[in-house]
$ cat entry.cif   # mmCIF, N, CA and C atoms
data_start
#
loop_
_atom_site.label_atom_id
_atom_site.label_comp_id
_atom_site.auth_asym_id
_atom_site.auth_seq_id
_atom_site.Cartn_x
_atom_site.Cartn_y
_atom_site.Cartn_z
N MET O 1 -23.27 43.97 -18.71
CA MET O 1 -24.20 44.65 -19.61
C MET O 1 -24.02 44.09 -21.02
N PRO O 2 -25.10 43.64 -21.65
CA PRO O 2 -24.97 43.06 -22.99
C PRO O 2 -24.60 44.12 -24.03
N ALA O 3 -23.95 43.65 -25.09
CA ALA O 3 -23.58 44.54 -26.20
C ALA O 3 -24.84 45.02 -26.89
N PRO O 4 -24.83 46.22 -27.46
CA PRO O 4 -26.00 46.70 -28.19
C PRO O 4 -26.28 45.81 -29.39
N ALA O 5 -27.53 45.75 -29.79
CA ALA O 5 -27.92 44.96 -30.95
C ALA O 5 -27.31 45.56 -32.21
N VAL O 6 -26.98 44.70 -33.14
CA VAL O 6 -26.45 45.15 -34.42
C VAL O 6 -27.60 45.71 -35.25
N GLU O 7 -27.42 46.91 -35.76
CA GLU O 7 -28.42 47.51 -36.64
C GLU O 7 -28.53 46.68 -37.91
N ARG O 8 -29.73 46.50 -38.41
CA ARG O 8 -29.97 45.76 -39.64
C ARG O 8 -30.50 46.73 -40.67
N ILE O 9 -29.82 46.77 -41.83
CA ILE O 9 -30.24 47.71 -42.87
C ILE O 9 -30.38 46.98 -44.20
N SER O 10 -31.18 47.55 -45.08
CA SER O 10 -31.37 46.99 -46.42
C SER O 10 -30.18 47.33 -47.30
N VAL O 11 -30.06 46.64 -48.42
CA VAL O 11 -29.00 46.97 -49.37
C VAL O 11 -29.20 48.38 -49.91
N GLU O 12 -30.43 48.79 -50.06
CA GLU O 12 -30.70 50.15 -50.54
C GLU O 12 -30.20 51.19 -49.55
N GLU O 13 -30.43 50.93 -48.26
CA GLU O 13 -29.95 51.86 -47.23
C GLU O 13 -28.43 51.85 -47.18
N ALA O 14 -27.82 50.67 -47.31
CA ALA O 14 -26.36 50.59 -47.34
C ALA O 14 -25.81 51.41 -48.50
N ALA O 15 -26.40 51.24 -49.68
CA ALA O 15 -25.96 51.98 -50.86
C ALA O 15 -26.11 53.48 -50.65
N ARG O 16 -27.19 53.90 -50.00
CA ARG O 16 -27.40 55.33 -49.72
C ARG O 16 -26.31 55.84 -48.79
N ARG O 17 -26.03 55.11 -47.72
CA ARG O 17 -25.01 55.54 -46.75
C ARG O 17 -23.62 55.59 -47.37
N LEU O 18 -23.37 54.70 -48.32
CA LEU O 18 -22.06 54.65 -48.99
C LEU O 18 -21.93 55.69 -50.10
N GLY O 19 -23.03 56.35 -50.43
CA GLY O 19 -23.00 57.32 -51.51
C GLY O 19 -23.07 56.70 -52.89
N VAL O 20 -23.50 55.44 -52.96
CA VAL O 20 -23.59 54.73 -54.24
C VAL O 20 -24.78 55.24 -55.05
N THR O 21 -25.87 55.56 -54.39
CA THR O 21 -27.10 55.95 -55.09
C THR O 21 -27.38 57.44 -54.96
N GLY O 22 -26.37 58.21 -54.75
CA GLY O 22 -26.51 59.66 -54.60
C GLY O 22 -25.40 60.17 -53.72
N PRO O 23 -25.48 61.43 -53.34
CA PRO O 23 -24.41 61.96 -52.48
C PRO O 23 -24.41 61.25 -51.12
N ALA O 24 -23.22 60.98 -50.61
CA ALA O 24 -23.10 60.36 -49.29
C ALA O 24 -23.61 61.33 -48.23
N PRO O 25 -24.27 60.81 -47.22
CA PRO O 25 -24.72 61.67 -46.12
C PRO O 25 -23.52 62.33 -45.43
N ALA O 26 -23.79 63.38 -44.70
CA ALA O 26 -22.72 64.06 -43.95
C ALA O 26 -22.12 63.12 -42.92
N GLY O 27 -20.89 63.36 -42.60
CA GLY O 27 -20.21 62.53 -41.60
C GLY O 27 -19.26 61.55 -42.26
N PRO O 28 -18.64 60.72 -41.46
CA PRO O 28 -17.69 59.77 -42.01
C PRO O 28 -18.37 58.77 -42.95
N VAL O 29 -17.72 58.49 -44.06
CA VAL O 29 -18.26 57.51 -45.01
C VAL O 29 -18.04 56.12 -44.43
N PRO O 30 -19.07 55.29 -44.42
CA PRO O 30 -18.92 53.93 -43.88
C PRO O 30 -17.92 53.11 -44.69
N LEU O 31 -17.44 52.06 -44.06
CA LEU O 31 -16.58 51.08 -44.71
C LEU O 31 -17.40 49.81 -44.87
N LEU O 32 -17.52 49.32 -46.10
CA LEU O 32 -18.25 48.09 -46.38
C LEU O 32 -17.27 46.92 -46.27
N ILE O 33 -17.55 46.01 -45.34
CA ILE O 33 -16.70 44.86 -45.08
C ILE O 33 -17.43 43.59 -45.50
N ASP O 34 -16.84 42.87 -46.45
CA ASP O 34 -17.39 41.59 -46.91
C ASP O 34 -16.70 40.48 -46.13
N VAL O 35 -17.48 39.63 -45.46
CA VAL O 35 -16.91 38.58 -44.62
C VAL O 35 -16.94 37.21 -45.30
N ARG O 36 -17.27 37.18 -46.59
CA ARG O 36 -17.24 35.90 -47.31
C ARG O 36 -15.80 35.47 -47.53
N GLU O 37 -15.63 34.28 -48.03
CA GLU O 37 -14.29 33.75 -48.30
C GLU O 37 -13.78 34.28 -49.65
N PRO O 38 -12.46 34.27 -49.87
CA PRO O 38 -11.90 34.85 -51.09
C PRO O 38 -12.50 34.34 -52.39
N GLY O 39 -12.78 33.06 -52.49
CA GLY O 39 -13.38 32.52 -53.71
C GLY O 39 -14.76 33.09 -53.98
N GLU O 40 -15.55 33.27 -52.93
CA GLU O 40 -16.87 33.88 -53.08
C GLU O 40 -16.74 35.34 -53.50
N PHE O 41 -15.80 36.02 -52.89
CA PHE O 41 -15.56 37.44 -53.17
C PHE O 41 -15.17 37.63 -54.63
N ALA O 42 -14.34 36.72 -55.16
CA ALA O 42 -13.91 36.83 -56.56
C ALA O 42 -15.06 36.61 -57.53
N GLN O 43 -16.04 35.78 -57.15
CA GLN O 43 -17.17 35.53 -58.05
C GLN O 43 -17.93 36.80 -58.32
N PHE O 44 -18.29 37.53 -57.27
CA PHE O 44 -18.95 38.83 -57.39
C PHE O 44 -18.88 39.52 -56.05
N ARG O 45 -18.83 40.85 -56.10
CA ARG O 45 -18.70 41.63 -54.88
C ARG O 45 -19.24 43.03 -55.10
N ALA O 46 -19.68 43.64 -54.02
CA ALA O 46 -20.10 45.03 -54.08
C ALA O 46 -18.86 45.87 -54.37
N THR O 47 -18.98 46.77 -55.32
CA THR O 47 -17.86 47.64 -55.66
C THR O 47 -17.42 48.42 -54.43
N GLY O 48 -16.12 48.40 -54.16
CA GLY O 48 -15.57 49.14 -53.04
C GLY O 48 -15.50 48.39 -51.73
N ALA O 49 -16.01 47.16 -51.68
CA ALA O 49 -15.99 46.40 -50.44
C ALA O 49 -14.58 45.95 -50.09
N ALA O 50 -14.29 45.93 -48.80
CA ALA O 50 -13.04 45.36 -48.29
C ALA O 50 -13.34 43.93 -47.85
N LEU O 51 -12.38 43.05 -48.01
CA LEU O 51 -12.56 41.64 -47.67
C LEU O 51 -11.85 41.31 -46.36
N VAL O 52 -12.64 40.84 -45.39
CA VAL O 52 -12.11 40.29 -44.14
C VAL O 52 -12.90 39.00 -43.90
N PRO O 53 -12.43 37.88 -44.45
CA PRO O 53 -13.19 36.63 -44.37
C PRO O 53 -13.50 36.22 -42.93
N LEU O 54 -14.67 35.65 -42.75
CA LEU O 54 -15.08 35.22 -41.42
C LEU O 54 -14.09 34.21 -40.84
N SER O 55 -13.45 33.41 -41.70
CA SER O 55 -12.50 32.40 -41.23
C SER O 55 -11.29 33.01 -40.52
N VAL O 56 -10.99 34.28 -40.79
CA VAL O 56 -9.86 34.96 -40.14
C VAL O 56 -10.32 36.23 -39.41
N PHE O 57 -11.62 36.41 -39.29
CA PHE O 57 -12.17 37.64 -38.74
C PHE O 57 -11.66 37.91 -37.32
N GLN O 58 -11.63 36.88 -36.49
CA GLN O 58 -11.18 37.07 -35.11
C GLN O 58 -9.72 37.46 -35.03
N LEU O 59 -8.94 37.13 -36.04
CA LEU O 59 -7.52 37.50 -36.07
C LEU O 59 -7.30 38.91 -36.62
N ARG O 60 -8.25 39.38 -37.45
CA ARG O 60 -8.03 40.65 -38.16
C ARG O 60 -8.95 41.80 -37.74
N TYR O 61 -9.93 41.54 -36.89
CA TYR O 61 -10.91 42.58 -36.58
C TYR O 61 -10.28 43.83 -35.98
N THR O 62 -9.13 43.71 -35.32
CA THR O 62 -8.50 44.88 -34.72
C THR O 62 -7.97 45.84 -35.79
N GLN O 63 -7.89 45.41 -37.05
CA GLN O 63 -7.48 46.28 -38.14
C GLN O 63 -8.62 47.18 -38.60
N LEU O 64 -9.84 46.91 -38.14
CA LEU O 64 -10.99 47.71 -38.55
C LEU O 64 -11.02 49.02 -37.76
N PRO O 65 -11.36 50.11 -38.42
CA PRO O 65 -11.37 51.41 -37.75
C PRO O 65 -12.52 51.54 -36.76
N HIS O 66 -12.28 52.28 -35.71
CA HIS O 66 -13.33 52.62 -34.73
C HIS O 66 -13.97 53.96 -35.07
N ASP O 67 -13.34 54.73 -35.97
CA ASP O 67 -13.77 56.11 -36.21
C ASP O 67 -14.67 56.29 -37.43
N ARG O 68 -15.18 55.21 -37.97
CA ARG O 68 -16.14 55.33 -39.07
C ARG O 68 -17.10 54.15 -39.01
N PRO O 69 -18.32 54.34 -39.53
CA PRO O 69 -19.30 53.26 -39.49
C PRO O 69 -18.83 52.06 -40.30
N LEU O 70 -19.19 50.88 -39.82
CA LEU O 70 -18.87 49.64 -40.51
C LEU O 70 -20.16 48.98 -40.97
N LEU O 71 -20.24 48.68 -42.26
CA LEU O 71 -21.36 47.95 -42.82
C LEU O 71 -20.84 46.58 -43.19
N LEU O 72 -21.45 45.54 -42.65
CA LEU O 72 -20.99 44.17 -42.87
C LEU O 72 -21.91 43.45 -43.83
N ILE O 73 -21.31 42.71 -44.77
CA ILE O 73 -22.08 42.01 -45.79
C ILE O 73 -21.46 40.63 -46.02
N CYS O 74 -22.31 39.66 -46.34
CA CYS O 74 -21.85 38.33 -46.74
C CYS O 74 -22.74 37.92 -47.91
N ALA O 75 -23.02 36.66 -48.08
CA ALA O 75 -23.88 36.24 -49.19
C ALA O 75 -25.33 36.56 -48.90
N SER O 76 -25.80 36.21 -47.68
CA SER O 76 -27.23 36.37 -47.37
C SER O 76 -27.51 37.22 -46.14
N GLY O 77 -26.50 37.49 -45.34
CA GLY O 77 -26.69 38.31 -44.15
C GLY O 77 -26.49 37.58 -42.84
N GLN O 78 -26.28 36.27 -42.87
CA GLN O 78 -26.12 35.52 -41.62
C GLN O 78 -24.70 35.61 -41.06
N ARG O 79 -23.70 35.36 -41.89
CA ARG O 79 -22.31 35.44 -41.41
C ARG O 79 -21.96 36.86 -41.01
N SER O 80 -22.44 37.83 -41.78
CA SER O 80 -22.13 39.22 -41.46
C SER O 80 -22.81 39.64 -40.15
N LEU O 81 -23.98 39.10 -39.86
CA LEU O 81 -24.64 39.39 -38.59
C LEU O 81 -23.79 38.85 -37.44
N ALA O 82 -23.26 37.64 -37.59
CA ALA O 82 -22.40 37.06 -36.55
C ALA O 82 -21.15 37.92 -36.36
N ALA O 83 -20.56 38.39 -37.46
CA ALA O 83 -19.38 39.26 -37.37
C ALA O 83 -19.74 40.57 -36.67
N GLY O 84 -20.91 41.12 -36.98
CA GLY O 84 -21.35 42.35 -36.35
C GLY O 84 -21.54 42.19 -34.86
N GLU O 85 -22.13 41.08 -34.45
CA GLU O 85 -22.31 40.82 -33.02
C GLU O 85 -20.96 40.69 -32.33
N PHE O 86 -20.03 40.03 -33.00
CA PHE O 86 -18.67 39.89 -32.47
C PHE O 86 -18.05 41.27 -32.24
N LEU O 87 -18.20 42.17 -33.22
CA LEU O 87 -17.63 43.51 -33.10
C LEU O 87 -18.29 44.32 -31.98
N THR O 88 -19.61 44.28 -31.88
CA THR O 88 -20.28 45.07 -30.84
C THR O 88 -19.89 44.56 -29.45
N GLN O 89 -19.64 43.27 -29.33
CA GLN O 89 -19.20 42.71 -28.04
C GLN O 89 -17.80 43.20 -27.67
N ARG O 90 -17.07 43.69 -28.67
CA ARG O 90 -15.71 44.18 -28.44
C ARG O 90 -15.62 45.70 -28.51
N GLY O 91 -16.75 46.36 -28.37
CA GLY O 91 -16.75 47.80 -28.23
C GLY O 91 -16.91 48.62 -29.50
N TYR O 92 -17.10 47.99 -30.64
CA TYR O 92 -17.37 48.75 -31.86
C TYR O 92 -18.81 49.25 -31.78
N ALA O 93 -18.98 50.56 -31.91
CA ALA O 93 -20.28 51.17 -31.65
C ALA O 93 -21.14 51.34 -32.90
N ASP O 94 -20.55 51.59 -34.04
CA ASP O 94 -21.32 51.93 -35.25
C ASP O 94 -21.19 50.81 -36.27
N VAL O 95 -21.98 49.76 -36.05
CA VAL O 95 -21.93 48.55 -36.88
C VAL O 95 -23.32 48.24 -37.38
N ALA O 96 -23.43 47.95 -38.68
CA ALA O 96 -24.72 47.56 -39.26
C ALA O 96 -24.53 46.34 -40.15
N ASN O 97 -25.53 45.48 -40.14
CA ASN O 97 -25.55 44.30 -40.99
C ASN O 97 -26.41 44.58 -42.21
N VAL O 98 -25.88 44.26 -43.39
CA VAL O 98 -26.62 44.46 -44.64
C VAL O 98 -27.48 43.21 -44.87
N GLU O 99 -28.77 43.36 -44.62
CA GLU O 99 -29.72 42.26 -44.74
C GLU O 99 -29.81 41.78 -46.19
N GLY O 100 -29.84 40.47 -46.36
CA GLY O 100 -29.93 39.90 -47.70
C GLY O 100 -28.59 39.77 -48.39
N GLY O 101 -27.58 40.45 -47.86
CA GLY O 101 -26.21 40.32 -48.32
C GLY O 101 -25.97 40.63 -49.78
N SER O 102 -24.92 40.03 -50.29
CA SER O 102 -24.49 40.27 -51.67
C SER O 102 -25.53 39.81 -52.68
N ILE O 103 -26.27 38.77 -52.33
CA ILE O 103 -27.33 38.30 -53.23
C ILE O 103 -28.37 39.40 -53.42
N ALA O 104 -28.79 40.03 -52.34
CA ALA O 104 -29.76 41.13 -52.43
C ALA O 104 -29.15 42.33 -53.13
N TRP O 105 -27.84 42.56 -52.91
CA TRP O 105 -27.15 43.68 -53.55
C TRP O 105 -27.23 43.53 -55.07
N VAL O 106 -26.93 42.33 -55.57
CA VAL O 106 -26.99 42.06 -57.01
C VAL O 106 -28.42 42.19 -57.52
N ARG O 107 -29.36 41.61 -56.80
CA ARG O 107 -30.77 41.67 -57.22
C ARG O 107 -31.29 43.10 -57.29
N ALA O 108 -30.75 43.97 -56.45
CA ALA O 108 -31.16 45.38 -56.44
C ALA O 108 -30.50 46.16 -57.57
N GLY O 109 -29.60 45.51 -58.32
CA GLY O 109 -28.94 46.18 -59.44
C GLY O 109 -27.87 47.17 -59.01
N LEU O 110 -27.34 47.00 -57.81
CA LEU O 110 -26.30 47.90 -57.32
C LEU O 110 -24.94 47.51 -57.91
N PRO O 111 -23.98 48.43 -57.95
CA PRO O 111 -22.71 48.17 -58.63
C PRO O 111 -21.92 47.00 -58.03
N THR O 112 -21.47 46.13 -58.92
CA THR O 112 -20.66 44.98 -58.51
C THR O 112 -19.47 44.83 -59.44
N ARG O 113 -18.53 44.03 -58.98
CA ARG O 113 -17.40 43.61 -59.79
C ARG O 113 -17.33 42.10 -59.68
N SER O 114 -16.70 41.47 -60.66
CA SER O 114 -16.51 40.03 -60.61
C SER O 114 -15.17 39.67 -61.22
N GLY O 115 -14.74 38.46 -60.94
CA GLY O 115 -13.49 37.98 -61.50
C GLY O 115 -12.28 38.42 -60.70
N SER O 116 -11.14 38.39 -61.37
CA SER O 116 -9.87 38.71 -60.71
C SER O 116 -9.92 40.07 -60.05
N LEU O 117 -9.26 40.16 -58.91
CA LEU O 117 -9.22 41.41 -58.17
C LEU O 117 -8.14 42.32 -58.75
N ALA O 118 -8.47 43.60 -58.86
CA ALA O 118 -7.47 44.61 -59.24
C ALA O 118 -6.51 44.77 -58.07
N GLU O 119 -5.34 45.30 -58.33
CA GLU O 119 -4.37 45.51 -57.27
C GLU O 119 -4.98 46.38 -56.17
N GLY O 120 -4.91 45.89 -54.96
CA GLY O 120 -5.43 46.63 -53.80
C GLY O 120 -6.92 46.44 -53.57
N GLU O 121 -7.63 45.86 -54.53
CA GLU O 121 -9.08 45.68 -54.36
C GLU O 121 -9.34 44.69 -53.23
N GLY O 122 -10.25 45.04 -52.36
CA GLY O 122 -10.58 44.21 -51.22
C GLY O 122 -9.73 44.47 -49.99
N ASP O 123 -8.68 45.28 -50.15
CA ASP O 123 -7.81 45.60 -49.01
C ASP O 123 -8.50 46.60 -48.09
N LEU O 124 -8.17 46.51 -46.82
CA LEU O 124 -8.64 47.51 -45.87
C LEU O 124 -7.88 48.80 -46.13
N PRO O 125 -8.53 49.95 -45.94
CA PRO O 125 -7.82 51.22 -46.12
C PRO O 125 -6.71 51.36 -45.08
N ALA O 126 -5.67 52.05 -45.48
CA ALA O 126 -4.52 52.25 -44.58
C ALA O 126 -4.89 53.19 -43.45
#

$ encode --input "entry.cif" --output "structure tokens"
Amino acid sequence: MPAPAVERISVEEAARRLGVTGPAPAGPVPLLIDVREPGEFAQFRATGAALVPLSVFQLRYTQLPHDRPLLLICASGQRSLAAGEFLTQRGYADVANVEGGSIAWVRAGLPTRSGSLAEGEGDLPA
């Protein structure tokens, strides 16, 4: 049986689910996972995103929680879609790809950070 298709959502919908543009919806708050490489992440990133680069994704995906929604983002939405498909094939049920990626996030005027990472920034929650 094939894995379910990865849900595709806009940056506006991602921001709504994360509680960025108002109160977060009821239920577990999603975790925003950026799959770009560290240098890209340092240039600019969605505030609150955790970094799990695609280059090490297959080694680290088991660190991702099963008990909360996962929103995946990259620069444009292609790498994050591949990561989402990888996760659904491994039994992750609540996975969505942020269409347009970080570029669309910035264009939408949503909160970002750039430059050096603060201590713990980009880390997966414990």

$ resolve_selection --input "entry.cif" --expression "the PyMOL selection byres ((chain O and resi 45) around 6)" --output "PDB file with N, CA and C atoms, keeping the file's coordinate frame"
ATOM      1  N   PHE O  41     -15.800  36.020 -52.890  1.00  0.00           N
ATOM      2  CA  PHE O  41     -15.560  37.440 -53.170  1.00  0.00           C
ATOM      3  C   PHE O  41     -15.170  37.630 -54.630  1.00  0.00           C
ATOM      4  N   ALA O  42     -14.340  36.720 -55.160  1.00  0.00           N
ATOM      5  CA  ALA O  42     -13.910  36.830 -56.560  1.00  0.00           C
ATOM      6  C   ALA O  42     -15.060  36.610 -57.530  1.00  0.00           C
ATOM      7  N   GLN O  43     -16.040  35.780 -57.150  1.00  0.00           N
ATOM      8  CA  GLN O  43     -17.170  35.530 -58.050  1.00  0.00           C
ATOM      9  C   GLN O  43     -17.930  36.800 -58.320  1.00  0.00           C
ATOM     10  N   PHE O  44     -18.290  37.530 -57.270  1.00  0.00           N
ATOM     11  CA  PHE O  44     -18.950  38.830 -57.390  1.00  0.00           C
ATOM     12  C   PHE O  44     -18.880  39.520 -56.050  1.00  0.00           C
ATOM     13  N   ALA O  46     -19.680  43.640 -54.020  1.00  0.00           N
ATOM     14  CA  ALA O  46     -20.100  45.030 -54.080  1.00  0.00           C
ATOM     15  C   ALA O  46     -18.860  45.870 -54.370  1.00  0.00           C
ATOM     16  N   THR O  47     -18.980  46.770 -55.320  1.00  0.00           N
ATOM     17  CA  THR O  47     -17.860  47.640 -55.660  1.00  0.00           C
ATOM     18  C   THR O  47     -17.420  48.420 -54.430  1.00  0.00           C
ATOM     19  N   PRO O 111     -23.980  48.430 -57.950  1.00  0.00           N
ATOM     20  CA  PRO O 111     -22.710  48.170 -58.630  1.00  0.00           C
ATOM     21  C   PRO O 111     -21.920  47.000 -58.030  1.00  0.00           C
ATOM     22  N   THR O 112     -21.470  46.130 -58.920  1.00  0.00           N
ATOM     23  CA  THR O 112     -20.660  44.980 -58.510  1.00  0.00           C
ATOM     24  C   THR O 112     -19.470  44.830 -59.440  1.00  0.00           C
ATOM     25  N   ARG O 113     -18.530  44.030 -58.980  1.00  0.00           N
ATOM     26  CA  ARG O 113     -17.400  43.610 -59.790  1.00  0.00           C
ATOM     27  C   ARG O 113     -17.330  42.100 -59.680  1.00  0.00           C
ATOM     28  N   SER O 114     -16.700  41.470 -60.660  1.00  0.00           N
ATOM     29  CA  SER O 114     -16.510  40.030 -60.610  1.00  0.00           C
ATOM     30  C   SER O 114     -15.170  39.670 -61.220  1.00  0.00           C
TER      31      SER O 114
END

$ resolve_selection --input "entry.cif" --expression "the PyMOL selection byres ((chain O and resi 123) around 7)" --output "MDAnalysis selection string"
chainID O and resid 49:51 120:122 124:126

$ atom_distance --input "entry.cif" --atom1 "atom N of Arg68 (chain O)" --atom2 "atom C of Ile33 (chain O)"
14.0 Å

$ resolve_selection --input "entry.cif" --expression "the PyMOL selection byres (((chain O and resi 73 and name CA) around 10) and name CA)" --output "PyMOL selection string"
chain O and resi 11+14+32-36+45-46+49-51+70-72+74-81+83-84+96-103+105

$ select_by_dssp --input "entry.cif" --residues "chain O" --states "strand (DSSP E)" --output "PyMOL selection string"
chain O and resi 7-9+31-34+45-46+50-51+70-73+95-98+112-113

$ atom_distance --input "entry.cif" --atom1 "CA of Pro30 (chain O)" --atom2 "atom N of Pro69 (chain O)"
4.4 Å

$ residues_around --input "entry.cif" --residues "His66 (chain O)" --least-positions-apart "5" --cutoff "8 Å" --atoms "all atoms listed in the file" --output "compact mmCIF listing (two decimals) with N, CA and C atoms, in the frame of the given file"
# COMPACT_ATOMS: atom_id res chain seq x y z
N GLY O 91 -16.75 46.36 -28.37
CA GLY O 91 -16.75 47.80 -28.23
C GLY O 91 -16.91 48.62 -29.50
N TYR O 92 -17.10 47.99 -30.64
CA TYR O 92 -17.37 48.75 -31.86
C TYR O 92 -18.81 49.25 -31.78
N ALA O 93 -18.98 50.56 -31.91
CA ALA O 93 -20.28 51.17 -31.65
C ALA O 93 -21.14 51.34 -32.90
N ASP O 94 -20.55 51.59 -34.04
CA ASP O 94 -21.32 51.93 -35.25
C ASP O 94 -21.19 50.81 -36.27

$ atom_distance --input "entry.cif" --atom1 "atom C of Gly39 (chain O)" --atom2 "atom N of Gly19 (chain O)"
24.9 Å
